[in-house]
Protein chains: 2
Amino acid sequence: MQVGILGAGQLARMLVLAGVPLGMRFRVFDRSADAPAGQVAPITVGDFDDLAALAAFARDVDVVTFDWENVPVASARAVARDARVLPSPRALEVAQDRLSEKRIFTRLDIPVAPHAAVDDFAGLERAVRRVGLPGILKTRRLGYDGKGQAVLRRPADLQRAWHALGGQPLLYEGVVDFDCEVSLVAVRSRRGEVACYPLTWNVHSHGILSVSRAPFLRPRLQAQAQRHVGRLLEHLRYVGVFCVEFFVAGGRLVANEMAPRVHNSGHWTIEGAETSQFENHLRAIAGLPLGSTRARGHSVMVNCIGRMPPAARLLALPGVHVHDYGKSARPGRKLGHLTYVGGSASARDRMAARLLGRGRG
Amino acid sequence: MQVGILGAGQLARMLVLAGVPLGMRFRVFDRSADAPAGQVAPITVGDFDDLAALAAFARDVDVVTFDWENVPVASARAVARDARVLPSPRALEVAQDRLSEKRIFTRLDIPVAPHAAVDDFAGLERAVRRVGLPGILKTRRLGYDGKGQAVLRRPADLQRAWHALGGQPLLYEGVVDFDCEVSLVAVRSRRGEVACYPLTWNVHSHGILSVSRAPFLRPRLQAQAQRHVGRLLEHLRYVGVFCVEFFVAGGRLVANEMAPRVHNSGHWTIEGAETSQFENHLRAIAGLPLGSTRARGHSVMVNCIGRMPPAARLLALPGVHVHDYGKSARPGRKLGHLTYVGGSASARDRMAARLLGRGRG
């Protein structure tokens with residue numbers, strides 16, 4: 001089977017590494033010739049709105065999937081005329097707009113933070129009156145890793161936030177007073193089977209995921225998350241890996257956002273689960289049976305941001321695995337990640353502390 | 001680091017898949033443009049005795065290693081003028097000749113089957129008189145997977161065997177009356193650290209490895225094998241993964257042959273060990289610390305020979321992993337392998353029985 005991936009970042013790279021053993025062949029499409037997945041698969045360089053280039057790419061493959069959820073929906077729909085596209089352009093469309101996301105969560109009885117759409121300054125004032133302070137003003141589109149966001153604490157912050165983000169569709173959200181953040185990575189096959197990984201406990205730093213630990217052993221929350229995500233997957237008739245990030249607040253889950261793709265908080269599954277999220281995504285879109293999502297132990301994943309620490313120091317730590325995305329260093333850029341799978345949560349947490357020391361080197 | 005691999009078969013393919021996460025980049029060299037590793041790394045097509053092509057290849061990389069141990073030694077030595085070559089051409093030279101292999105085993109006090117070099121028919125008669133019947137006449141060079149061998153049971157078999165194999169350097173070996181066959185995969189780093197995987201129990205069929213199970217829990221034999229292989233690694237000042245196949249006969253090990261490379265009997269380490277043989281080979285040749293060789297459970301590996309069973313049937317078995325080498329089917333050809341890691345030897349053996357059913361599907 002020939003698989004095409006739109007976007008050739010680290011997610012595409014890890015998809016290729018997971019799919020080659022299944023006998024799959026890959027092609028990747030990206031704006032940049034030196035994107036990480038271009039080192040392991042033939043790359044087509046083009047713009048994501050170049051429909052002719054996308055059509056030629058799609059005709060060479062059996063199924064098209066995504067490394068990047070912000071591929072224009074019109075492009076995804078055009079590609080769908082030449083190849084099977086999974087997940088569907090509809091799922092992308094929902095996930096590309098924070099307001100549609102919130103509406104679907106709400107419609108499916110999944111708790112979300114209080115929020116209001118903002119289109120102009122008067123709308124921002126109304127939203128703040130309704131939702132209250134503090135809150136976060138976010139762009140509805142193209143935000144990631146904390147980009148396109150402004151925190152509002154006092155009335156005086158409205159002007160500053162509007163100045164930074166105004167002029168595009170926005171969303172104002174109340175701040176959730178959370179105990180911690182978790183995510184559920186799930187996968188749905190073409191035949192509608194669903195499998196969920198254990199909940200992952202995530203810690204962010206400056207808006208970017210810093211550390212993930214799994215399994216997060218709270219059976220009641222696990223069941224709650226699986227019900228929520230199960231409804232979303234059914235509603236979207238979703239195929240592939242899907243992730244929802246939640247706040248844990250007062251013992252219940254509040255949905256924050258969804259990602260219609262493999263997710264950074266699921267990277268621990270490469271070593272830490274029976275079947276990785278990357279392999280399960282490919283199994284799903286290829287119409288193969290899903291693999292076991294069982295955890296092999298207690299995992300930690302630490303992101304390497306801005307610089308990649310020297311491999312020799314990391315690999316000297318027994319049981320540590322290094323994933324270097326082959327990207328050039330740049331402040332704030334995700335360059336790789338480290339994982340460790342321990343026999344106990346405490347062994348895992350001891351190694352996590354060492355990795356946080358060295359990972360930031 | 002740029003790594004060049006001479007030979008682009010499934011071993012090179014699995015080396016690339018293991019090395020990309022370490023941030024390594026690869027180039028592979030093969031006679032065939034559609035060799036399995038050419039799907040995951042840029043391939044140079046050329047002959048292994050084309051010194052100019054090999055020199056150009058070597059100048060583009062930092063270290064050169066092997067997928068195929070029968071690269072001409074003269075070529076390996078020529079390449080060593082342009083790049084670091086690991087393991088050394090000397091290790092290849094020993095392993096390419098069954099007689100040198102036997103001499104090194106003997107010199108290092110590692111038991112071997114009774115044997116004699118054979119250069120002409122009179123020599124074969126002398127060898128059979130000395131070693132006895134039954135025995136196996138083997139080519140000294142280029143034999144693998146049971147090729148280049150003839151079994152002699154009766155005096156009348158001498159003429160037939162000579163007719164099949166005569167005219168090249170041969171070796172006549174007594175048949176070892178073994179209880180089972182095992183192998184030890186070990187790795188030595190550039191600094192001389194040595195790590196050994198647990199012994200693997202191998203079953204061959206028609207001269208080709210069929211099933212491997214690990215760990216083979218016989219502490220006395222494990223220690224014996226580690227002493228033997230440790231002496232070999234030191235003697236050869238070897239760097240990288242190395243494998244010795246042994247017969248277990250009367251409670252002791254008799255060395256059969258060595259392979260100066262990652263080995264089919266170590267494929268279970270991808271899922272079944274903390275660090276795979278492929279990653280450890282690359283860590284060794286790159287001068288990185290070695291990774292843990294600890295088994296994660298009880299593993300089985302089943303080779304898919306001649307045809308690759310449908311992935312959907314295999315992946316429906318929980319915990320089964322498929323490795324398809326992307327090769328076209330041909331009788332007797334190794335096309336892929338399946339693995340399973342169980343929590344107990346009995347769970348593993350139950351799955352092994354099912355895989356042997358489906359793997360031969």
# chains A, B, ... in the order shown; residues from 1 in each chain; ligands from 1
call {"tool": "closest_atom_pairs", "arguments": {"of": "chain B", "to": "chain A", "cutoff": "7 Å", "atoms": "only C-alpha atoms", "output": "tab-separated table"}}
result
residue	atom	partner	partner_atom	distance
B:Leu17	CA	A:Leu17	CA	5.9
B:Pro21	CA	A:His323	CA	4.4
B:Leu22	CA	A:Asp324	CA	5.5
B:Gly23	CA	A:Asp324	CA	4.8
B:Val40	CA	A:Val40	CA	4.8
B:Ala41	CA	A:Val40	CA	6.0
B:Glu274	CA	A:Gly319	CA	6.5
B:Leu288	CA	A:Ala312	CA	5.4
B:Pro289	CA	A:Ala316	CA	5.5
B:Gly291	CA	A:Pro318	CA	6.6
B:Ser292	CA	A:Pro318	CA	6.2
B:Ala312	CA	A:Leu288	CA	5.4
B:Leu315	CA	A:Pro289	CA	6.0
B:Ala316	CA	A:Pro289	CA	5.5
B:Pro318	CA	A:Ser292	CA	6.2
B:Gly319	CA	A:Ser292	CA	6.3
B:Val322	CA	A:Leu22	CA	5.9
B:His323	CA	A:Pro21	CA	4.4
B:Asp324	CA	A:Gly23	CA	4.8
B:Tyr325	CA	A:Gly23	CA	6.5
B:Gly326	CA	A:Gly23	CA	5.4
call {"tool": "write_last_selection", "arguments": {"atoms": "C-alpha atoms", "output": "mmCIF file, in the first residue's frame"}}
result
data_model
loop_
_atom_site.group_PDB
_atom_site.id
_atom_site.type_symbol
_atom_site.label_atom_id
_atom_site.label_comp_id
_atom_site.auth_asym_id
_atom_site.auth_seq_id
_atom_site.Cartn_x
_atom_site.Cartn_y
_atom_site.Cartn_z
ATOM 1 C CA LEU B 17 14.672 2.321 10.874
ATOM 2 C CA PRO B 21 15.443 8.229 15.624
ATOM 3 C CA LEU B 22 19.041 8.693 16.807
ATOM 4 C CA GLY B 23 19.348 11.526 14.289
ATOM 5 C CA VAL B 40 14.097 4.279 3.316
ATOM 6 C CA ALA B 41 17.472 5.740 2.336
ATOM 7 C CA GLU B 274 15.134 -2.841 25.822
ATOM 8 C CA LEU B 288 27.829 6.022 21.544
ATOM 9 C CA PRO B 289 27.207 4.158 24.822
ATOM 10 C CA GLY B 291 21.968 0.239 25.332
ATOM 11 C CA SER B 292 20.530 -2.328 27.709
ATOM 12 C CA ALA B 312 -4.759 -8.444 8.196
ATOM 13 C CA LEU B 315 -2.390 -8.248 12.892
ATOM 14 C CA ALA B 316 -5.678 -9.631 14.188
ATOM 15 C CA PRO B 318 -3.173 -9.518 19.735
ATOM 16 C CA GLY B 319 0.419 -8.478 20.367
ATOM 17 C CA VAL B 322 4.742 -7.773 11.400
ATOM 18 C CA HIS B 323 8.002 -6.940 9.637
ATOM 19 C CA ASP B 324 7.567 -7.023 5.880
ATOM 20 C CA TYR B 325 10.839 -6.460 4.041
ATOM 21 C CA GLY B 326 9.158 -5.079 0.924
#
call {"tool": "residues_around", "arguments": {"residues": "Val187 (chain A)", "least_positions_apart": "5", "cutoff": "9 Å", "atoms": "only C-alpha atoms", "output": "ChimeraX atom specification"}}
result
/A:193-197,233,238-243,277,280-281,284,290
call {"tool": "residues_around", "arguments": {"residues": "Asp157 (chain A)", "least_positions_apart": "3", "cutoff": "12 Å", "atoms": "only C-alpha atoms", "output": "MDAnalysis selection string"}}
result
chainID A and resid 124:125 128 133:137 150:154 160:164
call {"tool": "write_last_selection", "arguments": {"atoms": "C-alpha atoms", "output": "PDB file, in the first residue's frame"}}
result
ATOM      1  CA  LEU A 124     -14.630  41.184  23.263  1.00  0.00           C
ATOM      2  CA  GLU A 125     -16.119  43.493  25.915  1.00  0.00           C
ATOM      3  CA  VAL A 128     -15.472  39.353  29.054  1.00  0.00           C
ATOM      4  CA  LEU A 133     -11.793  37.498  34.117  1.00  0.00           C
ATOM      5  CA  PRO A 134      -9.232  35.979  33.983  1.00  0.00           C
ATOM      6  CA  GLY A 135      -9.604  34.528  30.515  1.00  0.00           C
ATOM      7  CA  ILE A 136      -7.703  33.778  27.334  1.00  0.00           C
ATOM      8  CA  LEU A 137      -8.275  35.396  23.973  1.00  0.00           C
ATOM      9  CA  ALA A 150      -3.263  36.371  25.041  1.00  0.00           C
ATOM     10  CA  VAL A 151      -4.117  36.109  28.722  1.00  0.00           C
ATOM     11  CA  LEU A 152      -6.489  38.744  30.131  1.00  0.00           C
ATOM     12  CA  ARG A 153      -6.342  39.325  33.868  1.00  0.00           C
ATOM     13  CA  ARG A 154      -7.579  42.912  34.290  1.00  0.00           C
ATOM     14  CA  ARG A 160      -3.543  45.128  24.546  1.00  0.00           C
ATOM     15  CA  ALA A 161      -4.963  41.718  23.656  1.00  0.00           C
ATOM     16  CA  TRP A 162      -7.154  43.207  20.932  1.00  0.00           C
ATOM     17  CA  HIS A 163      -4.172  45.037  19.548  1.00  0.00           C
ATOM     18  CA  ALA A 164      -2.168  41.778  19.407  1.00  0.00           C
TER      19      ALA A 164
END
call {"tool": "select_by_dssp", "arguments": {"residues": "region 96-186 of chain B", "states": "strand (DSSP E or B)", "output": "VMD selection string"}}
result
chain B and resid 112 115 to 118 135 to 139 149 to 152 170 to 174 180 to 186
call {"tool": "write_last_selection", "arguments": {"atoms": "N, CA and C atoms", "output": "PDB file, in the first residue's frame"}}
result
ATOM      1  N   VAL B 112      34.637 -26.887  18.546  1.00  0.00           N
ATOM      2  CA  VAL B 112      34.022 -26.944  17.208  1.00  0.00           C
ATOM      3  C   VAL B 112      33.876 -28.414  16.816  1.00  0.00           C
ATOM      4  N   HIS B 115      36.727 -31.436  11.828  1.00  0.00           N
ATOM      5  CA  HIS B 115      36.635 -30.946  10.450  1.00  0.00           C
ATOM      6  C   HIS B 115      37.980 -31.070   9.756  1.00  0.00           C
ATOM      7  N   ALA B 116      37.970 -30.932   8.441  1.00  0.00           N
ATOM      8  CA  ALA B 116      39.207 -30.943   7.664  1.00  0.00           C
ATOM      9  C   ALA B 116      38.990 -30.166   6.375  1.00  0.00           C
ATOM     10  N   ALA B 117      40.032 -29.443   5.958  1.00  0.00           N
ATOM     11  CA  ALA B 117      39.971 -28.711   4.688  1.00  0.00           C
ATOM     12  C   ALA B 117      40.030 -29.717   3.542  1.00  0.00           C
ATOM     13  N   VAL B 118      39.322 -29.404   2.462  1.00  0.00           N
ATOM     14  CA  VAL B 118      39.260 -30.306   1.307  1.00  0.00           C
ATOM     15  C   VAL B 118      39.546 -29.489   0.041  1.00  0.00           C
ATOM     16  N   GLY B 135      28.715 -36.681   7.656  1.00  0.00           N
ATOM     17  CA  GLY B 135      29.399 -35.392   7.714  1.00  0.00           C
ATOM     18  C   GLY B 135      28.804 -34.469   6.661  1.00  0.00           C
ATOM     19  N   ILE B 136      29.261 -33.222   6.667  1.00  0.00           N
ATOM     20  CA  ILE B 136      28.737 -32.243   5.705  1.00  0.00           C
ATOM     21  C   ILE B 136      29.902 -31.621   4.962  1.00  0.00           C
ATOM     22  N   LEU B 137      29.821 -31.677   3.643  1.00  0.00           N
ATOM     23  CA  LEU B 137      30.813 -31.004   2.817  1.00  0.00           C
ATOM     24  C   LEU B 137      30.257 -29.608   2.516  1.00  0.00           C
ATOM     25  N   LYS B 138      31.063 -28.584   2.809  1.00  0.00           N
ATOM     26  CA  LYS B 138      30.593 -27.192   2.651  1.00  0.00           C
ATOM     27  C   LYS B 138      31.604 -26.401   1.849  1.00  0.00           C
ATOM     28  N   THR B 139      31.116 -25.440   1.064  1.00  0.00           N
ATOM     29  CA  THR B 139      32.043 -24.500   0.448  1.00  0.00           C
ATOM     30  C   THR B 139      32.627 -23.645   1.576  1.00  0.00           C
ATOM     31  N   GLN B 149      26.083 -26.694   0.466  1.00  0.00           N
ATOM     32  CA  GLN B 149      26.348 -27.790   1.409  1.00  0.00           C
ATOM     33  C   GLN B 149      25.832 -29.108   0.848  1.00  0.00           C
ATOM     34  N   ALA B 150      26.506 -30.199   1.213  1.00  0.00           N
ATOM     35  CA  ALA B 150      26.023 -31.529   0.837  1.00  0.00           C
ATOM     36  C   ALA B 150      26.254 -32.465   2.019  1.00  0.00           C
ATOM     37  N   VAL B 151      25.233 -33.238   2.355  1.00  0.00           N
ATOM     38  CA  VAL B 151      25.345 -34.181   3.474  1.00  0.00           C
ATOM     39  C   VAL B 151      25.880 -35.515   2.944  1.00  0.00           C
ATOM     40  N   LEU B 152      26.858 -36.078   3.631  1.00  0.00           N
ATOM     41  CA  LEU B 152      27.428 -37.381   3.266  1.00  0.00           C
ATOM     42  C   LEU B 152      27.068 -38.389   4.356  1.00  0.00           C
ATOM     43  N   LEU B 170      36.912 -26.270  -0.039  1.00  0.00           N
ATOM     44  CA  LEU B 170      35.803 -26.878   0.718  1.00  0.00           C
ATOM     45  C   LEU B 170      36.264 -27.233   2.126  1.00  0.00           C
ATOM     46  N   LEU B 171      35.261 -27.537   2.930  1.00  0.00           N
ATOM     47  CA  LEU B 171      35.533 -27.967   4.301  1.00  0.00           C
ATOM     48  C   LEU B 171      34.611 -29.146   4.573  1.00  0.00           C
ATOM     49  N   TYR B 172      35.173 -30.213   5.161  1.00  0.00           N
ATOM     50  CA  TYR B 172      34.336 -31.351   5.549  1.00  0.00           C
ATOM     51  C   TYR B 172      34.216 -31.343   7.064  1.00  0.00           C
ATOM     52  N   GLU B 173      32.976 -31.379   7.526  1.00  0.00           N
ATOM     53  CA  GLU B 173      32.716 -31.314   8.976  1.00  0.00           C
ATOM     54  C   GLU B 173      31.942 -32.519   9.441  1.00  0.00           C
ATOM     55  N   GLY B 174      32.295 -33.050  10.601  1.00  0.00           N
ATOM     56  CA  GLY B 174      31.494 -34.104  11.210  1.00  0.00           C
ATOM     57  C   GLY B 174      30.151 -33.536  11.638  1.00  0.00           C
ATOM     58  N   CYS B 180      19.948 -29.090  20.616  1.00  0.00           N
ATOM     59  CA  CYS B 180      19.271 -27.940  20.012  1.00  0.00           C
ATOM     60  C   CYS B 180      20.328 -26.957  19.540  1.00  0.00           C
ATOM     61  N   GLU B 181      19.875 -25.929  18.816  1.00  0.00           N
ATOM     62  CA  GLU B 181      20.783 -24.892  18.324  1.00  0.00           C
ATOM     63  C   GLU B 181      20.438 -23.575  19.011  1.00  0.00           C
ATOM     64  N   VAL B 182      21.467 -22.834  19.395  1.00  0.00           N
ATOM     65  CA  VAL B 182      21.262 -21.526  20.024  1.00  0.00           C
ATOM     66  C   VAL B 182      22.217 -20.535  19.387  1.00  0.00           C
ATOM     67  N   SER B 183      21.964 -19.264  19.633  1.00  0.00           N
ATOM     68  CA  SER B 183      22.912 -18.252  19.160  1.00  0.00           C
ATOM     69  C   SER B 183      23.061 -17.190  20.229  1.00  0.00           C
ATOM     70  N   LEU B 184      24.228 -16.577  20.230  1.00  0.00           N
ATOM     71  CA  LEU B 184      24.454 -15.450  21.121  1.00  0.00           C
ATOM     72  C   LEU B 184      24.730 -14.220  20.263  1.00  0.00           C
ATOM     73  N   VAL B 185      23.871 -13.218  20.411  1.00  0.00           N
ATOM     74  CA  VAL B 185      24.092 -11.930  19.756  1.00  0.00           C
ATOM     75  C   VAL B 185      24.756 -11.026  20.799  1.00  0.00           C
ATOM     76  N   ALA B 186      25.879 -10.466  20.433  1.00  0.00           N
ATOM     77  CA  ALA B 186      26.617  -9.613  21.365  1.00  0.00           C
ATOM     78  C   ALA B 186      27.021  -8.343  20.630  1.00  0.00           C
TER      79      ALA B 186
END
call {"tool": "closest_residue", "arguments": {"among": "B:Leu15, B:Leu209, B:Ala214, B:Met301", "to": "Asp67 (chain B)", "atoms": "only C-alpha atoms"}}
result
B:Leu15
call {"tool": "select_by_dssp", "arguments": {"residues": "region 19-76 of chain B", "states": "helix (DSSP H, G or I)", "output": "list in words"}}
result
Gly19, Val20, Pro21, Leu22, Pro36, Ala37, Gly38, Gln39, Leu51, Ala52, Ala53, Leu54, Ala55, Ala56, Phe57, Ala58, Arg59, Val73, Ala74, Ser75 and Ala76 of chain B
call {"tool": "write_last_selection", "arguments": {"atoms": "N, CA and C atoms", "output": "PDB file, in the first residue's frame"}}
result
ATOM      1  N   GLY B  19      18.125   3.681  13.278  1.00  0.00           N
ATOM      2  CA  GLY B  19      19.080   4.777  13.411  1.00  0.00           C
ATOM      3  C   GLY B  19      18.500   6.156  13.179  1.00  0.00           C
ATOM      4  N   VAL B  20      17.434   6.237  12.387  1.00  0.00           N
ATOM      5  CA  VAL B  20      16.831   7.547  12.110  1.00  0.00           C
ATOM      6  C   VAL B  20      16.414   8.249  13.411  1.00  0.00           C
ATOM      7  N   PRO B  21      15.789   7.537  14.371  1.00  0.00           N
ATOM      8  CA  PRO B  21      15.443   8.229  15.624  1.00  0.00           C
ATOM      9  C   PRO B  21      16.660   8.749  16.391  1.00  0.00           C
ATOM     10  N   LEU B  22      17.837   8.183  16.139  1.00  0.00           N
ATOM     11  CA  LEU B  22      19.041   8.693  16.807  1.00  0.00           C
ATOM     12  C   LEU B  22      19.599   9.913  16.076  1.00  0.00           C
ATOM     13  N   PRO B  36      15.562  -3.741  -0.389  1.00  0.00           N
ATOM     14  CA  PRO B  36      14.656  -3.266   0.667  1.00  0.00           C
ATOM     15  C   PRO B  36      15.039  -1.949   1.349  1.00  0.00           C
ATOM     16  N   ALA B  37      16.323  -1.713   1.580  1.00  0.00           N
ATOM     17  CA  ALA B  37      16.692  -0.483   2.293  1.00  0.00           C
ATOM     18  C   ALA B  37      16.632   0.737   1.392  1.00  0.00           C
ATOM     19  N   GLY B  38      16.572   0.514   0.081  1.00  0.00           N
ATOM     20  CA  GLY B  38      16.450   1.641  -0.849  1.00  0.00           C
ATOM     21  C   GLY B  38      15.117   2.354  -0.718  1.00  0.00           C
ATOM     22  N   GLN B  39      14.175   1.746   0.002  1.00  0.00           N
ATOM     23  CA  GLN B  39      12.880   2.406   0.235  1.00  0.00           C
ATOM     24  C   GLN B  39      12.953   3.430   1.365  1.00  0.00           C
ATOM     25  N   LEU B  51      35.701  -0.236  -7.208  1.00  0.00           N
ATOM     26  CA  LEU B  51      36.374   0.546  -6.155  1.00  0.00           C
ATOM     27  C   LEU B  51      36.127   2.040  -6.293  1.00  0.00           C
ATOM     28  N   ALA B  52      35.975   2.527  -7.524  1.00  0.00           N
ATOM     29  CA  ALA B  52      35.737   3.964  -7.710  1.00  0.00           C
ATOM     30  C   ALA B  52      34.362   4.336  -7.152  1.00  0.00           C
ATOM     31  N   ALA B  53      33.349   3.523  -7.452  1.00  0.00           N
ATOM     32  CA  ALA B  53      31.995   3.790  -6.940  1.00  0.00           C
ATOM     33  C   ALA B  53      31.979   3.698  -5.416  1.00  0.00           C
ATOM     34  N   LEU B  54      32.696   2.707  -4.893  1.00  0.00           N
ATOM     35  CA  LEU B  54      32.736   2.547  -3.434  1.00  0.00           C
ATOM     36  C   LEU B  54      33.445   3.723  -2.776  1.00  0.00           C
ATOM     37  N   ALA B  55      34.507   4.218  -3.401  1.00  0.00           N
ATOM     38  CA  ALA B  55      35.246   5.341  -2.823  1.00  0.00           C
ATOM     39  C   ALA B  55      34.365   6.590  -2.799  1.00  0.00           C
ATOM     40  N   ALA B  56      33.617   6.814  -3.883  1.00  0.00           N
ATOM     41  CA  ALA B  56      32.731   7.982  -3.932  1.00  0.00           C
ATOM     42  C   ALA B  56      31.671   7.866  -2.842  1.00  0.00           C
ATOM     43  N   PHE B  57      31.148   6.664  -2.664  1.00  0.00           N
ATOM     44  CA  PHE B  57      30.140   6.406  -1.632  1.00  0.00           C
ATOM     45  C   PHE B  57      30.730   6.688  -0.242  1.00  0.00           C
ATOM     46  N   ALA B  58      31.928   6.192  -0.013  1.00  0.00           N
ATOM     47  CA  ALA B  58      32.554   6.317   1.308  1.00  0.00           C
ATOM     48  C   ALA B  58      32.855   7.769   1.655  1.00  0.00           C
ATOM     49  N   ARG B  59      33.204   8.564   0.642  1.00  0.00           N
ATOM     50  CA  ARG B  59      33.564   9.955   0.934  1.00  0.00           C
ATOM     51  C   ARG B  59      32.369  10.772   1.418  1.00  0.00           C
ATOM     52  N   VAL B  73      36.739  -8.532   0.671  1.00  0.00           N
ATOM     53  CA  VAL B  73      37.605  -7.913   1.681  1.00  0.00           C
ATOM     54  C   VAL B  73      38.456  -6.804   1.064  1.00  0.00           C
ATOM     55  N   ALA B  74      38.883  -7.012  -0.169  1.00  0.00           N
ATOM     56  CA  ALA B  74      39.692  -5.975  -0.831  1.00  0.00           C
ATOM     57  C   ALA B  74      38.881  -4.682  -0.968  1.00  0.00           C
ATOM     58  N   SER B  75      37.588  -4.814  -1.239  1.00  0.00           N
ATOM     59  CA  SER B  75      36.727  -3.627  -1.345  1.00  0.00           C
ATOM     60  C   SER B  75      36.596  -2.958   0.016  1.00  0.00           C
ATOM     61  N   ALA B  76      36.385  -3.759   1.049  1.00  0.00           N
ATOM     62  CA  ALA B  76      36.243  -3.193   2.398  1.00  0.00           C
ATOM     63  C   ALA B  76      37.518  -2.441   2.778  1.00  0.00           C
TER      64      ALA B  76
END
